[in-house]
file input_37.pdb (PDB, C-alpha atoms)
ATOM      1  CA  MET P  39       0.000   0.000   0.000  1.00  0.00           C
ATOM      2  CA  SER P  40       1.229   3.504  -0.809  1.00  0.00           C
ATOM      3  CA  LEU P  41       1.141   6.455   1.565  1.00  0.00           C
ATOM      4  CA  LEU P  42      -1.691   7.951  -0.517  1.00  0.00           C
ATOM      5  CA  THR P  43      -3.975   5.050   0.327  1.00  0.00           C
ATOM      6  CA  LYS P  44      -6.866   5.894   2.621  1.00  0.00           C
ATOM      7  CA  LEU P  45      -6.697   4.367   6.058  1.00  0.00           C
ATOM      8  CA  ILE P  46      -9.946   3.376   7.729  1.00  0.00           C
ATOM      9  CA  SER P  47      -9.914   3.208  11.510  1.00  0.00           C
ATOM     10  CA  ASP P  48     -12.712   2.271  13.855  1.00  0.00           C
ATOM     11  CA  THR P  49     -13.658   4.872  16.412  1.00  0.00           C
ATOM     12  CA  GLU P  50     -14.478   3.294  19.749  1.00  0.00           C
ATOM     13  CA  SER P  51     -16.671   6.137  20.994  1.00  0.00           C
ATOM     14  CA  ASN P  52     -19.394   5.975  18.357  1.00  0.00           C
ATOM     15  CA  GLY P  53     -18.762   2.700  16.549  1.00  0.00           C
ATOM     16  CA  GLN P  54     -18.466   4.472  13.197  1.00  0.00           C
ATOM     17  CA  SER P  55     -15.366   4.537  11.080  1.00  0.00           C
ATOM     18  CA  ASP P  56     -13.392   7.662  10.307  1.00  0.00           C
ATOM     19  CA  VAL P  57     -11.575   7.996   7.007  1.00  0.00           C
ATOM     20  CA  LEU P  58      -8.134   9.532   7.227  1.00  0.00           C
ATOM     21  CA  GLU P  59      -6.158  10.446   4.129  1.00  0.00           C
ATOM     22  CA  TYR P  60      -2.396  10.237   4.258  1.00  0.00           C
ATOM     23  CA  LYS P  61      -0.340  12.244   1.799  1.00  0.00           C
ATOM     24  CA  ASN P  62       3.099  11.514   0.582  1.00  0.00           C
ATOM     25  CA  PRO P  63       5.410  13.660   2.762  1.00  0.00           C
ATOM     26  CA  GLU P  64       7.559  14.356  -0.305  1.00  0.00           C
ATOM     27  CA  THR P  65       4.625  16.164  -2.009  1.00  0.00           C
ATOM     28  CA  LYS P  66       4.735  19.863  -1.171  1.00  0.00           C
ATOM     29  CA  SER P  67       1.365  21.581  -0.718  1.00  0.00           C
ATOM     30  CA  ASP P  68       1.146  25.241  -1.665  1.00  0.00           C
ATOM     31  CA  GLU P  69      -1.724  27.315  -0.285  1.00  0.00           C
ATOM     32  CA  ILE P  70      -2.578  30.940   0.442  1.00  0.00           C
ATOM     33  CA  THR P  71      -5.724  32.586   1.787  1.00  0.00           C
ATOM     34  CA  LEU P  72      -6.337  36.292   1.233  1.00  0.00           C
ATOM     35  CA  VAL P  73      -8.888  38.240   3.261  1.00  0.00           C
ATOM     36  CA  MET P  74     -10.000  41.698   2.218  1.00  0.00           C
ATOM     37  CA  GLU P  75     -12.486  43.972   3.929  1.00  0.00           C
ATOM     38  CA  THR P  76     -13.934  47.174   2.537  1.00  0.00           C
ATOM     39  CA  VAL P  77     -15.873  49.626   4.699  1.00  0.00           C
ATOM     40  CA  ASN P  78     -18.017  52.369   3.156  1.00  0.00           C
ATOM     41  CA  GLU P  79     -19.749  54.851   5.421  1.00  0.00           C
ATOM     42  CA  HIS P  80     -22.776  56.840   4.302  1.00  0.00           C
ATOM     43  CA  PRO P  81     -23.680  59.445   6.915  1.00  0.00           C
ATOM     44  CA  SER P  82     -27.191  60.822   6.834  1.00  0.00           C
ATOM     45  CA  PRO P  83     -27.439  64.220   5.135  1.00  0.00           C
ATOM     46  CA  MET P  84     -30.299  65.162   7.481  1.00  0.00           C
ATOM     47  CA  SER P  85     -29.906  67.993   9.960  1.00  0.00           C
ATOM     48  CA  GLU P  86     -29.653  66.999  13.623  1.00  0.00           C
ATOM     49  CA  GLU P  87     -32.935  68.761  14.310  1.00  0.00           C
ATOM     50  CA  LEU P  88     -34.773  66.742  11.665  1.00  0.00           C
ATOM     51  CA  LYS P  89     -33.052  63.514  12.830  1.00  0.00           C
ATOM     52  CA  THR P  90     -34.347  64.108  16.372  1.00  0.00           C
ATOM     53  CA  GLU P  91     -37.842  64.689  15.028  1.00  0.00           C
ATOM     54  CA  LYS P  92     -37.714  61.511  12.908  1.00  0.00           C
ATOM     55  CA  ARG P  93     -36.348  59.403  15.795  1.00  0.00           C
ATOM     56  CA  ASN P  94     -39.535  60.116  17.736  1.00  0.00           C
ATOM     57  CA  GLU P  95     -41.556  58.605  14.858  1.00  0.00           C
ATOM     58  CA  LEU P  96     -39.590  55.331  14.874  1.00  0.00           C
ATOM     59  CA  SER P  97     -40.151  52.736  17.605  1.00  0.00           C
ATOM     60  CA  SER P  98     -37.052  50.616  16.755  1.00  0.00           C
ATOM     61  CA  LEU P  99     -34.976  49.549  13.780  1.00  0.00           C
ATOM     62  CA  GLU P 100     -35.720  45.920  14.581  1.00  0.00           C
ATOM     63  CA  GLU P 101     -39.463  46.541  14.309  1.00  0.00           C
ATOM     64  CA  LEU P 102     -38.934  48.485  11.079  1.00  0.00           C
ATOM     65  CA  PHE P 103     -36.917  45.559   9.698  1.00  0.00           C
ATOM     66  CA  HIS P 104     -39.691  43.060  10.493  1.00  0.00           C
ATOM     67  CA  GLN P 105     -42.262  45.409   8.961  1.00  0.00           C
ATOM     68  CA  VAL P 106     -40.303  45.625   5.684  1.00  0.00           C
ATOM     69  CA  VAL P 107     -39.793  41.840   5.595  1.00  0.00           C
ATOM     70  CA  GLU P 108     -43.551  41.340   6.069  1.00  0.00           C
ATOM     71  CA  GLU P 109     -44.366  43.884   3.336  1.00  0.00           C
ATOM     72  CA  LYS P 110     -42.043  42.084   0.909  1.00  0.00           C
ATOM     73  CA  GLY P 111     -43.542  38.666   1.750  1.00  0.00           C
ATOM     74  CA  GLU P 112     -40.320  37.108   3.039  1.00  0.00           C
ATOM     75  CA  ALA P 113     -41.262  36.526   6.687  1.00  0.00           C
ATOM     76  CA  ASP P 114     -41.801  32.776   6.219  1.00  0.00           C
ATOM     77  CA  SER P 115     -38.428  32.162   4.558  1.00  0.00           C
ATOM     78  CA  LEU P 116     -36.395  34.423   6.875  1.00  0.00           C
ATOM     79  CA  LYS P 117     -34.090  32.859   9.459  1.00  0.00           C
ATOM     80  CA  MET P 118     -32.572  35.214  12.019  1.00  0.00           C
ATOM     81  CA  SER P 119     -30.179  34.632  14.861  1.00  0.00           C
ATOM     82  CA  ARG P 120     -29.046  37.327  17.269  1.00  0.00           C
ATOM     83  CA  ASN P 121     -25.265  37.767  17.540  1.00  0.00           C
ATOM     84  CA  SER P 122     -25.478  40.686  19.980  1.00  0.00           C
ATOM     85  CA  THR P 123     -28.041  43.220  21.148  1.00  0.00           C
ATOM     86  CA  SER P 124     -27.861  45.062  17.818  1.00  0.00           C
ATOM     87  CA  GLU P 125     -26.448  42.479  15.373  1.00  0.00           C
ATOM     88  CA  PHE P 126     -28.362  39.732  13.586  1.00  0.00           C
ATOM     89  CA  GLU P 127     -27.298  37.043  11.165  1.00  0.00           C
ATOM     90  CA  VAL P 128     -29.972  36.541   8.509  1.00  0.00           C
ATOM     91  CA  GLU P 129     -30.642  33.882   5.868  1.00  0.00           C
ATOM     92  CA  GLY P 130     -33.363  33.932   3.238  1.00  0.00           C
ATOM     93  CA  LEU P 131     -33.379  37.713   2.800  1.00  0.00           C
ATOM     94  CA  SER P 132     -33.339  38.980  -0.780  1.00  0.00           C
ATOM     95  CA  ASN P 133     -31.097  41.855  -1.805  1.00  0.00           C
ATOM     96  CA  MET P 134     -34.194  43.858  -2.777  1.00  0.00           C
ATOM     97  CA  THR P 135     -35.707  43.523   0.708  1.00  0.00           C
ATOM     98  CA  LEU P 136     -32.407  44.492   2.308  1.00  0.00           C
ATOM     99  CA  HIS P 137     -32.219  47.522   0.022  1.00  0.00           C
ATOM    100  CA  SER P 138     -35.801  48.510   0.898  1.00  0.00           C
ATOM    101  CA  PHE P 139     -34.965  48.316   4.606  1.00  0.00           C
ATOM    102  CA  ILE P 140     -31.856  50.466   4.138  1.00  0.00           C
ATOM    103  CA  LEU P 141     -33.905  53.096   2.275  1.00  0.00           C
ATOM    104  CA  LYS P 142     -36.510  53.129   5.067  1.00  0.00           C
ATOM    105  CA  ALA P 143     -33.776  53.533   7.698  1.00  0.00           C
ATOM    106  CA  GLU P 144     -32.317  56.448   5.715  1.00  0.00           C
ATOM    107  CA  GLU P 145     -35.742  58.117   5.766  1.00  0.00           C
ATOM    108  CA  PHE P 146     -35.396  58.206   9.564  1.00  0.00           C
ATOM    109  CA  GLY P 147     -31.972  59.870   9.379  1.00  0.00           C
ATOM    110  CA  LYS P 148     -29.931  56.767  10.119  1.00  0.00           C
ATOM    111  CA  ASN P 149     -26.265  56.517   9.110  1.00  0.00           C
ATOM    112  CA  ILE P 150     -25.451  53.479   6.959  1.00  0.00           C
ATOM    113  CA  THR P 151     -22.138  51.577   7.021  1.00  0.00           C
ATOM    114  CA  TYR P 152     -21.497  48.849   4.457  1.00  0.00           C
ATOM    115  CA  THR P 153     -18.807  46.300   5.295  1.00  0.00           C
ATOM    116  CA  LYS P 154     -17.909  43.877   2.539  1.00  0.00           C
ATOM    117  CA  SER P 155     -15.662  40.898   3.278  1.00  0.00           C
ATOM    118  CA  LEU P 156     -14.024  38.711   0.679  1.00  0.00           C
ATOM    119  CA  LYS P 157     -12.014  35.594   1.462  1.00  0.00           C
ATOM    120  CA  VAL P 158     -10.115  33.845  -1.334  1.00  0.00           C
ATOM    121  CA  LYS P 159      -8.304  30.545  -0.843  1.00  0.00           C
ATOM    122  CA  ILE P 160      -5.880  29.345  -3.501  1.00  0.00           C
ATOM    123  CA  SER P 161      -4.402  25.873  -3.161  1.00  0.00           C
ATOM    124  CA  ASP P 162      -3.098  22.844  -5.030  1.00  0.00           C
TER     125      ASP P 162
END
call {"tool": "encode", "arguments": {"input": "input_37.pdb", "output": "structure tokens"}}
result
Amino acid sequence: MSLLTKLISDTESNGQSDVLEYKNPETKSDEITLVMETVNEHPSPMSEELKTEKRNELSSLEELFHQVVEEKGEADSLKMSRNSTSEFEVEGLSNMTLHSFILKAEEFGKNITYTKSLKVKISD
């Protein structure tokens, strides 16, 4: 058997077998991962006086978000998990619904910050 042959070993804890792949130590693996992050800030052009007035009209951004999702008919497909008091991870949200929510938030004088992350892995 060569070193590239897969070795199957029984795991005592769960009775299933794990497959381990051994590589020839003479084969050199070349790999690099690049991570780039771009941050774009869009401050509200509204005056502070108008922002204060608009804030009184808005109960919360979270409620506004749910309202927009309902209006766009995506409430049933949306999956949300809270990462912190003000951060959510969402799945099943279309770009159009996200854009609509951002526009609504801007109407209330909110500042918008876009953070775009890109991770590229290059390997053999």
call {"tool": "resolve_selection", "arguments": {"input": "input_37.pdb", "expression": "the PyMOL selection byres ((chain P and resi 76) around 12)", "output": "PyMOL selection string"}}
result
chain P and resi 73-75+77-79+151-157
call {"tool": "residues_around", "arguments": {"input": "input_37.pdb", "residues": "Leu131 (chain P)", "least_positions_apart": "6", "cutoff": "10 Å", "atoms": "only C-alpha atoms", "output": "MDAnalysis selection string"}}
result
chainID P and resid 107 110 112:113 115:118
call {"tool": "closest_residue", "arguments": {"input": "input_37.pdb", "among": "P:Met134, P:Ser161, P:Phe126, P:Phe146", "to": "Ser97 (chain P)", "atoms": "all atoms listed in the file"}}
result
P:Phe146
call {"tool": "atom_distance", "arguments": {"input": "input_37.pdb", "atom1": "CA of Val106 (chain P)", "atom2": "CA of Asn94 (chain P)"}}
result
18.9 Å
call {"tool": "resolve_selection", "arguments": {"input": "input_37.pdb", "expression": "the PyMOL selection byres ((chain P and resi 92) around 12)", "output": "list in words"}}
result
Met84, Ser85, Glu86, Glu87, Leu88, Lys89, Thr90, Glu91, Arg93, Asn94, Glu95, Leu96, Ser97, Ser98, Lys142, Ala143, Glu144, Glu145, Phe146, Gly147 and Lys148 of chain P
call {"tool": "atom_distance", "arguments": {"input": "input_37.pdb", "atom1": "CA of Glu127 (chain P)", "atom2": "CA of Pro83 (chain P)"}}
result
27.8 Å
call {"tool": "closest_residue", "arguments": {"input": "input_37.pdb", "among": "P:Gln105, P:Leu136, P:His80, P:Ser124", "to": "Asn149 (chain P)", "atoms": "all atoms listed in the file"}}
result
P:His80
call {"tool": "atom_distance", "arguments": {"input": "input_37.pdb", "atom1": "CA of Arg120 (chain P)", "atom2": "CA of Glu101 (chain P)"}}
result
14.2 Å
